[in-house]
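Data from my_file-v3.json: JSON, C-alpha atoms and all ligand atoms
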[["chain", "number", "residue", "atom", "x", "y", "z"],
["W", 1, "MET", "CA", -88.85, 81.69, -37.85],
["W", 2, "THR", "CA", -90.50, 81.30, -41.22],
["W", 3, "PHE", "CA", -91.16, 83.77, -44.00],
["W", 4, "VAL", "CA", -94.70, 82.77, -44.83],
["W", 5, "THR", "CA", -95.53, 86.00, -46.61],
["W", 6, "ALA", "CA", -93.69, 88.17, -49.10],
["W", 7, "ASP", "CA", -94.37, 91.21, -46.91],
["W", 8, "ALA", "CA", -92.64, 89.63, -43.92],
["W", 9, "LEU", "CA", -89.64, 88.81, -46.06],
["W", 10, "LEU", "CA", -89.40, 92.32, -47.48],
["W", 11, "ASP", "CA", -89.74, 93.79, -43.99],
["W", 12, "ARG", "CA", -86.77, 91.67, -42.96],
["W", 13, "PHE", "CA", -84.74, 93.07, -45.87],
["W", 14, "ARG", "CA", -85.64, 96.61, -44.78],
["W", 15, "LEU", "CA", -84.76, 95.92, -41.14],
["W", 16, "ALA", "CA", -81.39, 94.45, -42.16],
["W", 17, "GLY", "CA", -80.63, 97.54, -44.25],
["W", 18, "ALA", "CA", -80.57, 95.26, -47.29],
["W", 19, "LEU", "CA", -82.90, 97.39, -49.40],
["W", 20, "LEU", "CA", -80.57, 100.12, -50.65],
["W", 21, "GLU", "CA", -81.38, 103.33, -52.49],
["W", 22, "GLY", "CA", -78.90, 105.04, -54.81],
["W", 23, "HIS", "CA", -77.59, 104.46, -58.33],
["W", 24, "PHE", "CA", -76.49, 100.92, -59.00],
["W", 25, "ARG", "CA", -75.19, 98.86, -61.89],
["W", 26, "LEU", "CA", -76.72, 95.40, -61.62],
["W", 27, "THR", "CA", -75.14, 92.11, -62.73],
["W", 28, "SER", "CA", -77.41, 92.29, -65.78],
["W", 29, "GLY", "CA", -75.74, 95.58, -66.82],
["W", 30, "LEU", "CA", -78.94, 97.52, -66.18],
["W", 31, "HIS", "CA", -78.91, 100.54, -63.87],
["W", 32, "SER", "CA", -81.33, 100.97, -60.98],
["W", 33, "SER", "CA", -82.16, 103.30, -58.11],
["W", 34, "GLY", "CA", -82.68, 100.32, -55.81],
["W", 35, "TYR", "CA", -80.56, 97.33, -54.81],
["W", 36, "LEU", "CA", -81.29, 94.28, -52.67],
["W", 37, "GLN", "CA", -78.13, 93.27, -50.82],
["W", 38, "SER", "CA", -79.28, 89.82, -49.76],
["W", 39, "ALA", "CA", -75.95, 89.09, -48.04],
["W", 40, "LEU", "CA", -77.08, 91.40, -45.22],
["W", 41, "VAL", "CA", -80.02, 89.08, -44.52],
["W", 42, "LEU", "CA", -78.19, 85.82, -45.28],
["W", 43, "GLN", "CA", -75.29, 86.69, -42.93],
["W", 44, "HIS", "CA", -77.64, 85.55, -40.16],
["W", 45, "PRO", "CA", -77.65, 81.75, -40.43],
["W", 46, "ARG", "CA", -81.12, 81.33, -38.95],
["W", 47, "GLU", "CA", -82.58, 83.73, -41.51],
["W", 48, "ALA", "CA", -80.72, 82.03, -44.33],
["W", 49, "GLU", "CA", -82.08, 78.73, -43.05],
["W", 50, "ALA", "CA", -85.64, 80.13, -42.92],
["W", 51, "CYS", "CA", -85.37, 81.36, -46.51],
["W", 52, "GLY", "CA", -84.05, 77.96, -47.56],
["W", 53, "ILE", "CA", -86.92, 76.14, -45.87],
["W", 54, "ALA", "CA", -89.49, 78.49, -47.42],
["W", 55, "ILE", "CA", -88.09, 77.97, -50.93],
["W", 56, "ALA", "CA", -87.84, 74.20, -50.38],
["W", 57, "GLU", "CA", -91.53, 74.03, -49.43],
["W", 58, "ARG", "CA", -92.46, 75.68, -52.74],
["W", 59, "VAL", "CA", -90.35, 73.43, -54.95],
["W", 60, "ARG", "CA", -90.23, 70.10, -53.11],
["W", 61, "ARG", "CA", -92.79, 68.57, -55.49],
["W", 62, "PHE", "CA", -90.33, 68.80, -58.41],
["W", 63, "GLY", "CA", -88.18, 66.07, -56.85],
["W", 64, "ALA", "CA", -84.81, 67.75, -57.39],
["W", 65, "GLN", "CA", -81.80, 65.56, -56.63],
["W", 66, "ALA", "CA", -79.32, 68.43, -56.54],
["W", 67, "VAL", "CA", -79.26, 72.21, -56.22],
["W", 68, "LEU", "CA", -77.04, 74.25, -58.54],
["W", 69, "SER", "CA", -76.39, 77.95, -57.84],
["W", 70, "PRO", "CA", -74.31, 80.66, -59.49],
["W", 71, "ALA", "CA", -71.41, 81.98, -57.36],
["W", 72, "LEU", "CA", -71.13, 84.05, -55.32],
["W", 73, "GLY", "CA", -74.62, 85.35, -54.68],
["W", 74, "GLY", "CA", -76.38, 82.00, -54.93],
["W", 75, "ILE", "CA", -74.06, 79.90, -52.78],
["W", 76, "VAL", "CA", -75.46, 80.58, -49.30],
["W", 77, "ILE", "CA", -79.13, 80.25, -50.25],
["W", 78, "GLY", "CA", -78.35, 77.24, -52.48],
["W", 79, "GLN", "CA", -76.73, 75.50, -49.52],
["W", 80, "GLU", "CA", -79.79, 76.20, -47.34],
["W", 81, "VAL", "CA", -82.28, 74.98, -49.96],
["W", 82, "GLY", "CA", -80.16, 71.84, -50.40],
["W", 83, "ARG", "CA", -80.18, 71.31, -46.64],
["W", 84, "ALA", "CA", -83.97, 71.71, -46.45],
["W", 85, "LEU", "CA", -84.53, 69.33, -49.39],
["W", 86, "GLY", "CA", -81.96, 66.85, -48.15],
["W", 87, "VAL", "CA", -79.96, 66.95, -51.41],
["W", 88, "ARG", "CA", -76.46, 68.15, -52.26],
["W", 89, "ALA", "CA", -75.82, 71.78, -53.18],
["W", 90, "ILE", "CA", -73.15, 72.72, -55.71],
["W", 91, "PHE", "CA", -72.27, 75.93, -57.51],
["W", 92, "ALA", "CA", -71.01, 77.23, -60.82],
["W", 93, "GLU", "CA", -68.54, 80.10, -61.03],
["W", 94, "ARG", "CA", -67.06, 82.32, -63.69],
["W", 95, "GLN", "CA", -63.83, 81.37, -65.38],
["W", 96, "ASP", "CA", -62.71, 83.80, -68.11],
["W", 97, "GLY", "CA", -66.25, 85.20, -68.13],
["W", 98, "THR", "CA", -67.98, 81.86, -68.65],
["W", 99, "LEU", "CA", -70.06, 80.23, -65.94],
["W", 100, "THR", "CA", -68.72, 76.72, -65.34],
["W", 101, "MET", "CA", -68.66, 73.92, -62.75],
["W", 102, "ARG", "CA", -65.23, 73.58, -61.12],
["W", 103, "ARG", "CA", -63.81, 71.95, -57.97],
["W", 104, "GLY", "CA", -64.76, 68.49, -59.19],
["W", 105, "PHE", "CA", -68.49, 69.23, -59.11],
["W", 106, "THR", "CA", -70.45, 67.08, -61.58],
["W", 107, "LEU", "CA", -74.05, 66.35, -62.51],
["W", 108, "SER", "CA", -75.15, 63.02, -63.91],
["W", 109, "PRO", "CA", -77.10, 62.66, -67.17],
["W", 110, "GLY", "CA", -80.80, 62.86, -66.29],
["W", 111, "GLU", "CA", -80.16, 64.05, -62.74],
["W", 112, "LYS", "CA", -82.99, 66.34, -61.60],
["W", 113, "VAL", "CA", -81.60, 69.77, -60.78],
["W", 114, "LEU", "CA", -83.07, 72.84, -59.09],
["W", 115, "VAL", "CA", -81.35, 76.16, -59.90],
["W", 116, "VAL", "CA", -81.33, 78.59, -56.96],
["W", 117, "GLU", "CA", -80.30, 82.25, -56.81],
["W", 118, "ASP", "CA", -80.66, 84.98, -54.24],
["W", 119, "VAL", "CA", -82.11, 87.81, -56.33],
["W", 120, "VAL", "CA", -83.31, 87.62, -59.93],
["W", 121, "THR", "CA", -83.78, 90.68, -62.14],
["W", 122, "THR", "CA", -83.80, 89.72, -65.82],
["W", 123, "GLY", "CA", -83.16, 86.05, -65.09],
["W", 124, "GLY", "CA", -79.93, 86.14, -67.10],
["W", 125, "SER", "CA", -77.69, 84.38, -64.60],
["W", 126, "THR", "CA", -80.42, 81.84, -63.77],
["W", 127, "ARG", "CA", -80.70, 81.02, -67.50],
["W", 128, "GLU", "CA", -76.92, 80.74, -67.71],
["W", 129, "THR", "CA", -76.88, 78.39, -64.72],
["W", 130, "ILE", "CA", -79.66, 76.30, -66.29],
["W", 131, "GLU", "CA", -77.50, 75.96, -69.41],
["W", 132, "VAL", "CA", -74.53, 74.79, -67.32],
["W", 133, "ALA", "CA", -76.69, 71.99, -65.88],
["W", 134, "ARG", "CA", -78.11, 71.06, -69.28],
["W", 135, "ALA", "CA", -74.64, 70.97, -70.84],
["W", 136, "ALA", "CA", -73.84, 68.30, -68.25],
["W", 137, "GLY", "CA", -76.90, 66.32, -69.38],
["W", 138, "ALA", "CA", -78.91, 67.10, -66.25],
["W", 139, "ASP", "CA", -82.68, 67.71, -66.23],
["W", 140, "VAL", "CA", -83.48, 71.16, -64.80],
["W", 141, "VAL", "CA", -86.87, 70.71, -63.13],
["W", 142, "ALA", "CA", -87.34, 74.21, -61.68],
["W", 143, "ALA", "CA", -85.65, 77.44, -60.64],
["W", 144, "ALA", "CA", -86.13, 79.55, -57.53],
["W", 145, "ALA", "CA", -84.97, 82.77, -55.88],
["W", 146, "ILE", "CA", -85.52, 84.61, -52.63],
["W", 147, "ILE", "CA", -86.68, 87.71, -54.49],
["W", 148, "ASP", "CA", -87.70, 88.41, -58.07],
["W", 149, "ARG", "CA", -86.99, 92.13, -58.35],
["W", 150, "GLY", "CA", -88.00, 92.30, -62.01],
["W", 151, "GLY", "CA", -91.71, 92.24, -61.19],
["W", 152, "GLY", "CA", -92.20, 88.80, -62.75],
["W", 153, "GLN", "CA", -90.69, 89.76, -66.12],
["W", 154, "GLN", "CA", -87.89, 87.20, -66.12],
["W", 155, "GLN", "CA", -87.92, 84.69, -68.98],
["W", 156, "ILE", "CA", -87.01, 81.29, -67.62],
["W", 157, "ASP", "CA", -88.17, 78.15, -69.46],
["W", 158, "VAL", "CA", -88.72, 76.01, -66.35],
["W", 159, "PRO", "CA", -91.18, 76.55, -63.44],
["W", 160, "PHE", "CA", -89.88, 79.53, -61.42],
["W", 161, "HIS", "CA", -90.70, 80.39, -57.82],
["W", 162, "ALA", "CA", -89.68, 83.44, -55.77],
["W", 163, "LEU", "CA", -90.57, 84.10, -52.13],
["W", 164, "ALA", "CA", -91.35, 87.71, -53.02],
["W", 165, "THR", "CA", -91.81, 89.66, -56.23],
["W", 166, "VAL", "CA", -91.07, 93.35, -56.29],
["W", 167, "SER", "CA", -90.78, 95.85, -59.10],
["W", 168, "LEU", "CA", -87.76, 98.13, -58.74],
["W", 169, "PRO", "CA", -87.11, 100.46, -61.68],
["W", 170, "THR", "CA", -84.30, 99.49, -64.04],
["W", 171, "TYR", "CA", -82.82, 101.41, -66.96],
["W", 172, "THR", "CA", -80.43, 100.69, -69.79],
["W", 173, "PRO", "CA", -77.30, 102.80, -69.24],
["W", 174, "ASP", "CA", -78.12, 105.09, -72.19],
["W", 175, "SER", "CA", -81.63, 105.83, -70.92],
["W", 176, "CYS", "CA", -80.77, 106.07, -67.19],
["W", 177, "PRO", "CA", -82.05, 109.33, -65.65],
["W", 178, "LEU", "CA", -79.51, 108.99, -62.80],
["W", 179, "CYS", "CA", -76.65, 108.87, -65.34],
["W", 180, "ALA", "CA", -78.22, 111.82, -67.15],
["W", 181, "ALA", "CA", -78.14, 113.73, -63.85],
["W", 182, "GLY", "CA", -74.42, 113.01, -63.51],
["W", 183, "ASP", "CA", -74.85, 110.76, -60.48],
["W", 184, "PRO", "CA", -71.90, 108.28, -60.27],
["W", 185, "VAL", "CA", -72.95, 104.63, -60.62],
["W", 186, "ILE", "CA", -71.97, 102.02, -58.05],
["W", 187, "LYS", "CA", -71.41, 98.34, -58.69],
["W", 188, "PRO", "CA", -72.81, 96.66, -55.56],
["W", 189, "GLY", "CA", -70.44, 94.32, -53.79],
["W", 190, "SER", "CA", -67.38, 96.17, -55.03],
["W", 191, "ARG", "CA", -67.14, 98.56, -52.11],
["W", 192, "SER", "CA", -69.13, 99.34, -49.00],
["W", 193, "VAL", "CA", -72.42, 98.21, -50.52],
["E", 201, "ZN", "ZN", -77.29, 105.04, -64.51]]
What's the structure tokens form of this structure?
Amino acid sequence: MTFVTADALLDRFRLAGALLEGHFRLTSGLHSSGYLQSALVLQHPREAEACGIAIAERVRRFGAQAVLSPALGGIVIGQEVGRALGVRAIFAERQDGTLTMRRGFTLSPGEKVLVVEDVVTTGGSTRETIEVARAAGADVVAAAAIIDRGGGQQQIDVPFHALATVSLPTYTPDSCPLCAAGDPVIKPGSRSV
């Protein structure tokens, strides 16, 4: 199985029930009527593997020597991209609100790093992960995600590749029409979604 087209990938998200409609608070703090729960696709190892291979094909030319992902969302796809590229895959996680490498993970000065996430909206956590790698002296050669749900609006200062780009509406909390309608907001991952 390969996801050669963005449409095929998005169909797979729909089939897995991973394209949710409601009122969500995203990691970025923005609110949205749509949410992509990539874990529902990635729970199937062969689909996670296919996504990893597809991303690897797009970024192989950058010669990354390691993949760095933000926990938790980026861990599974980071592992699969690392497998497809034949390089190690490590992750950064939050400690007291700050993204940091723990568990003895290190990057060497000048080591070429690819930053991988599952879904990117504003690119905030990808930028934060890039900074973690740079603070270790590594050379971030590119970033990648399964889906860019910000419609290509993310601001990332290295080459960025997503398998699919979609534009789902996002709102600041004070301009959110769903909040204005009194609809309770859900933080995905915290409960049943
Ligand atoms: Zn809202």
With a distance cut-off of 7 Å and only C-alpha atoms, select the neighbouring residues of Ala71 in chain W, excluding the residue or stretch itself and same-chain residues fewer than 5 positions from it, and output the selection as a PDB file with C-alpha atoms, in the frame of the given file.
ATOM      1  CA  PHE W  91     -72.270  75.930 -57.510  1.00  0.00           C
ATOM      2  CA  ALA W  92     -71.010  77.230 -60.820  1.00  0.00           C
ATOM      3  CA  GLU W  93     -68.540  80.100 -61.030  1.00  0.00           C
TER       4      GLU W  93
END
> Please, which residues have at least one atom within 7 Å of an atom of ligand ZN 201 (chain E), using all atoms listed in the file, listed as an MDAnalysis selection string?
Replying inline: chainID W and resid 23:24 31:32 173 176:179 185
>> Just want the 10 Å neighbourhood of range 161-166 of chain W, counted on all atoms listed in the file, with same-chain residues fewer than 2 positions away dropped. Output as a PyMOL selection string.
In response: chain W and resi 3-10+51+54-55+58-59+116-121+142-153+158-159+168-169
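Residue nearest Ala135 in chain W, chosen from W:Leu99, W:Ile53, W:Ile156, W:Leu114 and counting all atoms listed in the file: W:Leu99.
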> Which residue out of W:Ser175, W:Ser167, W:Ser38, W:Gln65 has the minimum interatomic distance to Lys112 in chain W when all atoms listed in the file are used?
Replying inline: W:Gln65
>> To one decimal place in Å, what is the distance between CA of Arg46 in chain W and CA of Gly78 in chain W?
In response: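 Separating CA of Arg46 in chain W from CA of Gly78 in chain W is a distance of 14.4 Å.
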>> At a cut-off of 9 Å, using all atoms listed in the file, what residues contact range 16-20 of chain W? Leave out same-chain residues fewer than 2 positions from it and give the result as JSON, numbers by chain.
In response: {"W": [10, 11, 12, 13, 14, 22, 33, 34, 35, 36, 37, 38, 39, 40, 41, 193]}
> Using all atoms listed in the file, which of the listed residues (W:Leu26, W:Val87, W:Leu15, W:Leu68) sits closest to Asp139 in chain W?
Replying inline: W:Leu68
> Distance CA of Ala64 in chain W-CA of Val113 in chain W, one decimal place?
Replying inline: 5.1 Å
>> Between CA of Lys187 in chain W and CA of Arg25 in chain W, what is the distance in Å, rounded to a tenth?
In response: 5.0 Å
> Out of W:Val115, W:Ile90, W:Ile77, W:Ala136, which residue has the shortest atom-to-atom distance to Arg103 in chain W when counting only C-alpha atoms?
Replying inline: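 The shortest atom-to-atom distance to Arg103 in chain W comes from W:Ile90.
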Show me, as lines of an AutoDock Vina configuration file, the centre and edge lengths in Å to one decimal of the axis-aligned box that covers every listed atom of range 14-20 of chain W with 6 Å on each side.
center_x = -83.1
center_y = 97.3
center_z = -45.9
size_x = 17.1
size_y = 17.7
size_z = 21.5
>> Neighbouring residues of Arg127 in chain W were defined as those with any atom within 9 Å, considering only C-alpha atoms; residues of the same chain fewer than 4 positions away were excluded. Please report them as a list in words.
In response: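 Within the cut-off, the hits are Gly123, Glu131, Val132, Gln155, Ile156 and Asp157 of chain W.
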